[in-house]
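Below is one structure, written out as structure tokens; the observations come after it.
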Amino acid sequence: MPRSESSSRIHVLGLGSIGTFTAHGLSEIPSRPSVTLLLHRESLLSGYQENGNQMLLTTREGSQIGYSCYDLEVYRKNGWYPEPSSPSSGAMNRSISHLIISVKATQTVSALQPLKHRLDAQSTILFLQNGSGMIDEVNESLFPNPKTRPSYIIGVISHGVTLNRPFDVTHTGFAAMSLGLVPRSEEAPHPQEFSSSYLLDHLPLSPRLNATSYPYTEVLQIQLEKLAVNAFCNPLCALNDAKNGFLFTIPDTRREILTEISNVVLALPELRDVPGVEERFAVDRLEATVNAILTKTADTTCSMVWDLRAGRETEVRFINGYWVKRGREVGVRTPVNEYLVEEVTNRSRR
């Protein structure tokens, strides 16, 4: 499989609010890298053309910035084709060095499946998504051999971003992006050199993304803090068809969920002996974190509410389901999280 001529090209898959925001931010890097947008259906190409063949971002101050420096690939007839294409254009088979994936957690495996043949041990995938546990499913379904699977980076984003229409976002709240390289399995100790370090070095050069690279144990804690907030907020708002402010009315439930989560985190082998974990994931500290976020977002309707209203599959399996799975692995009971997974799943089926 031929390697791309440019091992500095970044591909972006999943162009909702976060994927669009990130691709836009890549264009603001000095000596910006080449960026290819992966359009997994033909209608996205029409959306890009209707947007003036550019990606638009409205800043928090109200000005609009557009970039049109992207290359495009469209998925059709079981292959990825460059756009514009000609009758002689063949499907793209070049290896992908750097892939940012921002699809919904539930779609991760199916979205990566058509790209599997272009990803190898010299590729790096940045998972910039809500939830956790997607990497395990990707390994199981797509890359079972540790020696040939890509390197992985986990990313946590806390910026406020709204998708107005395809390829057009508004940056509603400036915050941060946190990145960390996932350690490779002992069965595959080959060095994670250029490919993985490229994204970790270059994303922090975009002022709008405000990205920082951390050691894995630090970014894992940032991810688990966000997951703790979402495990309380998302399913309970979804089941009650309510805005975030509703959550102030159920303090006992909040305490029960966060106690389960605290117990799981403190038993995780990958965080054993890491300084400060007990204080950071103490129940009182988690409650303070949740309350601070709810105070700012009381009028917000979270994505799981919209998913249930629309009859779509929710991400509960990668939020509360993650705590259930890890709890079983470390021998910690999580009955409240189990109940929420079951209830949200049943409701979405109905």
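Ordered as shown in the structure tokens, chains take letters A, B, and onward, while each chain numbers its residues from 1 and ligands are numbered from 1 in the order shown.
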
- Task: Please return as a PyMOL selection string: the residues of segment 93-317 of chain A that backbone DSSP assigns to alpha helix (DSSP H).
- Result: chain A and resi 108-112+134-141+194-202+216-240+251-267+277-280+283-296+303-310

- Ser123 of chain A: which residues within 9 Å, counting only C-alpha atoms, same-chain residues fewer than 5 positions away excluded, as a ChimeraX atom specification? /A:95-99,118,149-152,195-196

How about saving the chosen residues, N, CA, C and O atoms kept, as a tab-separated table (two decimals), in the first residue's frame?
chain	number	residue	atom	x	y	z
A	95	SER	N	-2.05	5.32	1.84
A	95	SER	CA	-2.13	5.22	3.30
A	95	SER	C	-2.42	6.58	3.91
A	95	SER	O	-2.00	7.61	3.39
A	96	ILE	N	-3.11	6.55	5.02
A	96	ILE	CA	-3.40	7.77	5.77
A	96	ILE	C	-2.47	7.82	6.97
A	96	ILE	O	-2.42	6.87	7.77
A	97	SER	N	-1.71	8.91	7.08
A	97	SER	CA	-0.76	9.04	8.19
A	97	SER	C	-1.43	9.55	9.46
A	97	SER	O	-1.17	9.06	10.56
A	98	HIS	N	-2.31	10.56	9.31
A	98	HIS	CA	-2.92	11.21	10.48
A	98	HIS	C	-4.41	11.36	10.23
A	98	HIS	O	-4.82	12.04	9.28
A	99	LEU	N	-5.21	10.73	11.07
A	99	LEU	CA	-6.67	10.78	10.92
A	99	LEU	C	-7.29	11.31	12.20
A	99	LEU	O	-7.02	10.81	13.29
A	118	ARG	N	-6.48	1.60	4.51
A	118	ARG	CA	-5.55	2.72	4.36
A	118	ARG	C	-4.87	3.10	5.68
A	118	ARG	O	-4.16	4.10	5.76
A	149	ARG	N	-1.79	-2.52	14.17
A	149	ARG	CA	-2.81	-1.48	14.38
A	149	ARG	C	-2.17	-0.10	14.48
A	149	ARG	O	-0.99	0.03	14.83
A	150	PRO	N	-2.94	0.95	14.17
A	150	PRO	CA	-2.41	2.32	14.27
A	150	PRO	C	-2.09	2.71	15.72
A	150	PRO	O	-2.49	2.03	16.67
A	151	SER	N	-1.37	3.81	15.85
A	151	SER	CA	-1.24	4.46	17.16
A	151	SER	C	-2.51	5.27	17.40
A	151	SER	O	-3.17	5.71	16.46
A	152	TYR	N	-2.83	5.49	18.69
A	152	TYR	CA	-4.06	6.20	19.05
A	152	TYR	C	-3.74	7.38	19.95
A	152	TYR	O	-2.88	7.32	20.83
A	195	SER	N	4.73	9.79	13.27
A	195	SER	CA	3.30	9.85	12.99
A	195	SER	C	2.51	10.36	14.19
A	195	SER	O	1.71	11.28	14.09
A	196	SER	N	2.75	9.77	15.36
A	196	SER	CA	1.96	10.15	16.53
A	196	SER	C	2.35	11.52	17.06
A	196	SER	O	1.52	12.29	17.52

- Message: Let me make sure I understand: among A:Arg76, A:Lys296, A:Arg280, A:Arg272, which one has the smallest atom-to-atom distance to Gly245 of chain A if we use only C-alpha atoms?
- Response: A:Lys296

- Mind checking which residues fall within 10 Å of segment 9-18 of chain A, counting only C-alpha atoms, ignoring those fewer than 5 positions away in the same chain, and posting them as an MDAnalysis selection string? chainID A and resid 4 23:24 26 32:40 44 70:73 96:104 107:108 111:112 115 124:126 128:129 157:171 198:199

- Please, what distance in Å, to one decimal, runs between atom CA of Phe246 of chain A and atom CA of Asn291 of chain A?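 Going from atom CA of Phe246 of chain A over to atom CA of Asn291 of chain A, I get 11.9 Å.
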
- Message: Among segment 37-240 of chain A, which ones does DSSP assign to strand (DSSP E or B) (computed from the backbone)? Answer as a PyMOL selection string.
- Response: chain A and resi 37-39+55-58+64-67+71-76+79-83+95+98-101+124-128+151-157+160-165+168-173+177-181+211-214

- Task: Kindly indicate which residue among A:Asn230, A:Asn78, A:Asn53, A:Ser185 lies nearest to Ile319 of chain A, using only C-alpha atoms for the distances.
- Result: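 Answer, going by the shortest atom-to-atom distance: A:Asn230.
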
- Task: For Thr217 of chain A, please output as a list in words all residues within 9 Å (counting only C-alpha atoms; exclusion window: fewer than 2 positions along the same chain).
- Result: Gly180, Tyr214, Pro215, Val219, Leu220, Gln221, Ile222, Glu270, Leu271 and Val274 of chain A

Saved selection, atoms kept: C-alpha atoms, as a compact mmCIF listing (two decimals), in the first residue's frame:
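Okay, this is what ended up in part_16.txt:
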# COMPACT_ATOMS: atom_id res chain seq x y z
CA GLY A 180 -2.69 12.34 25.02
CA TYR A 214 -0.40 15.77 28.12
CA PRO A 215 1.00 12.48 29.41
CA VAL A 219 -5.48 13.27 29.63
CA LEU A 220 -7.24 10.09 30.81
CA GLN A 221 -8.22 11.89 34.03
CA ILE A 222 -9.49 14.89 32.03
CA GLU A 270 -3.92 2.46 34.84
CA LEU A 271 -4.31 5.19 37.49
CA VAL A 274 -0.75 8.32 40.08

- Task: Would you mind telling me which residue in A:Gly79, A:Gly66, A:Pro275, A:Pro269 lies nearest to Gly331 of chain A when using only C-alpha atoms?
- Result: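 Nearest to Gly331 of chain A: A:Pro269.
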
Residues near Val324 of chain A, anyone? I mean within 10 Å using only C-alpha atoms, not counting same-chain ones fewer than 2 positions away, as a short mmCIF file (atom, residue, chain, number, x, y, z; two decimals) with C-alpha atoms, in the first residue's frame.
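Contents of the output file out_6.cif:
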data_model
loop_
_atom_site.label_atom_id
_atom_site.label_comp_id
_atom_site.auth_asym_id
_atom_site.auth_seq_id
_atom_site.Cartn_x
_atom_site.Cartn_y
_atom_site.Cartn_z
CA GLU A 260 -20.15 4.77 41.86
CA ILE A 261 -17.89 6.62 39.44
CA VAL A 264 -14.49 2.81 39.81
CA ARG A 317 -23.30 2.73 25.94
CA PHE A 318 -20.14 4.84 25.73
CA ILE A 319 -21.00 7.05 28.72
CA ASN A 320 -22.76 5.19 31.55
CA GLY A 321 -21.99 1.88 29.83
CA TYR A 322 -18.27 2.64 30.11
CA ARG A 326 -14.93 -0.81 33.92
CA GLY A 327 -16.74 -1.46 37.19
CA ARG A 328 -17.11 -5.14 36.27
CA GLU A 329 -13.43 -5.32 35.35
CA VAL A 332 -16.99 -2.36 41.70
CA ARG A 333 -20.80 -2.50 41.57
CA THR A 334 -22.53 0.20 39.49
CA PRO A 335 -26.30 -0.44 39.83
CA VAL A 336 -27.41 3.15 39.11
CA ASN A 337 -25.34 3.38 35.93
CA GLU A 338 -26.62 -0.08 34.88
CA TYR A 339 -30.21 1.06 35.39
CA VAL A 341 -28.10 2.26 30.42
#

- Query: Can you tell me how far atom CA of Ser110 of chain A sits from atom CA of Glu140 of chain A, in Å to one decimal?
  - Reply: 12.7 Å

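What separates atom CA of Gly47 of chain A from atom CA of Ser27 of chain A is a distance of 19.5 Å.
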
- Message: Would you pick out the contacts of Thr289 of chain A at 12 Å or less, using only C-alpha atoms, so that residues sharing its chain but fewer than 3 positions from it are not included, and give the list as a list in words?
- Response: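 These residues fall inside the cut-off: Ile222, Glu225, Lys226, Leu227, Ala228, Val229, Asn230, Phe232, Arg254, Leu258, Arg280, Phe281, Ala282, Val283, Asp284, Arg285, Leu286, Ala292, Ile293, Leu294, Thr295 and Lys296 of chain A.
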
Selection export as an mmCIF file, in the first residue's frame, atoms kept: N, CA and C atoms:
data_model
loop_
_atom_site.group_PDB
_atom_site.id
_atom_site.type_symbol
_atom_site.label_atom_id
_atom_site.label_comp_id
_atom_site.auth_asym_id
_atom_site.auth_seq_id
_atom_site.Cartn_x
_atom_site.Cartn_y
_atom_site.Cartn_z
ATOM 1 N N ILE A 222 -8.649 13.829 32.603
ATOM 2 C CA ILE A 222 -9.492 14.886 32.030
ATOM 3 C C ILE A 222 -10.704 14.266 31.340
ATOM 4 N N GLU A 225 -13.165 12.874 33.973
ATOM 5 C CA GLU A 225 -13.928 13.949 34.621
ATOM 6 C C GLU A 225 -15.106 14.368 33.742
ATOM 7 N N LYS A 226 -14.860 14.540 32.448
ATOM 8 C CA LYS A 226 -15.942 14.913 31.532
ATOM 9 C C LYS A 226 -16.980 13.802 31.453
ATOM 10 N N LEU A 227 -16.510 12.552 31.467
ATOM 11 C CA LEU A 227 -17.422 11.410 31.388
ATOM 12 C C LEU A 227 -18.282 11.303 32.647
ATOM 13 N N ALA A 228 -17.729 11.685 33.788
ATOM 14 C CA ALA A 228 -18.508 11.676 35.032
ATOM 15 C C ALA A 228 -19.648 12.683 34.962
ATOM 16 N N VAL A 229 -19.360 13.873 34.439
ATOM 17 C CA VAL A 229 -20.399 14.903 34.277
ATOM 18 C C VAL A 229 -21.483 14.399 33.332
ATOM 19 N N ASN A 230 -21.059 13.856 32.176
ATOM 20 C CA ASN A 230 -22.030 13.390 31.185
ATOM 21 C C ASN A 230 -22.861 12.212 31.676
ATOM 22 N N PHE A 232 -24.033 11.744 34.583
ATOM 23 C CA PHE A 232 -25.145 12.261 35.385
ATOM 24 C C PHE A 232 -26.112 13.069 34.528
ATOM 25 N N ARG A 254 -27.630 12.361 42.019
ATOM 26 C CA ARG A 254 -26.292 12.838 41.639
ATOM 27 C C ARG A 254 -25.241 12.207 42.541
ATOM 28 N N LEU A 258 -22.222 9.664 41.227
ATOM 29 C CA LEU A 258 -20.832 10.090 41.355
ATOM 30 C C LEU A 258 -20.069 9.240 42.366
ATOM 31 N N ARG A 280 -8.728 14.218 43.374
ATOM 32 C CA ARG A 280 -9.376 14.713 42.153
ATOM 33 C C ARG A 280 -10.718 14.038 41.919
ATOM 34 N N PHE A 281 -10.826 12.752 42.284
ATOM 35 C CA PHE A 281 -12.060 12.012 42.034
ATOM 36 C C PHE A 281 -12.825 11.693 43.319
ATOM 37 N N ALA A 282 -12.569 12.481 44.368
ATOM 38 C CA ALA A 282 -13.404 12.382 45.565
ATOM 39 C C ALA A 282 -14.824 12.831 45.203
ATOM 40 N N VAL A 283 -15.830 12.249 45.839
ATOM 41 C CA VAL A 283 -17.221 12.532 45.469
ATOM 42 C C VAL A 283 -17.541 14.018 45.628
ATOM 43 N N ASP A 284 -17.097 14.630 46.720
ATOM 44 C CA ASP A 284 -17.380 16.057 46.930
ATOM 45 C C ASP A 284 -16.784 16.913 45.813
ATOM 46 N N ARG A 285 -15.581 16.548 45.365
ATOM 47 C CA ARG A 285 -14.925 17.296 44.294
ATOM 48 C C ARG A 285 -15.699 17.120 42.978
ATOM 49 N N LEU A 286 -16.135 15.895 42.685
ATOM 50 C CA LEU A 286 -16.907 15.653 41.463
ATOM 51 C C LEU A 286 -18.227 16.426 41.501
ATOM 52 N N ALA A 292 -20.772 23.343 39.029
ATOM 53 C CA ALA A 292 -20.229 24.508 38.332
ATOM 54 C C ALA A 292 -20.645 24.491 36.862
ATOM 55 N N ILE A 293 -20.619 23.302 36.253
ATOM 56 C CA ILE A 293 -21.008 23.189 34.841
ATOM 57 C C ILE A 293 -22.513 23.406 34.680
ATOM 58 N N LEU A 294 -23.314 22.835 35.584
ATOM 59 C CA LEU A 294 -24.767 22.989 35.480
ATOM 60 C C LEU A 294 -25.201 24.448 35.660
ATOM 61 N N THR A 295 -24.496 25.160 36.503
ATOM 62 C CA THR A 295 -24.829 26.571 36.715
ATOM 63 C C THR A 295 -24.670 27.359 35.412
ATOM 64 N N LYS A 296 -23.625 27.016 34.640
ATOM 65 C CA LYS A 296 -23.379 27.713 33.371
ATOM 66 C C LYS A 296 -24.305 27.245 32.261
#
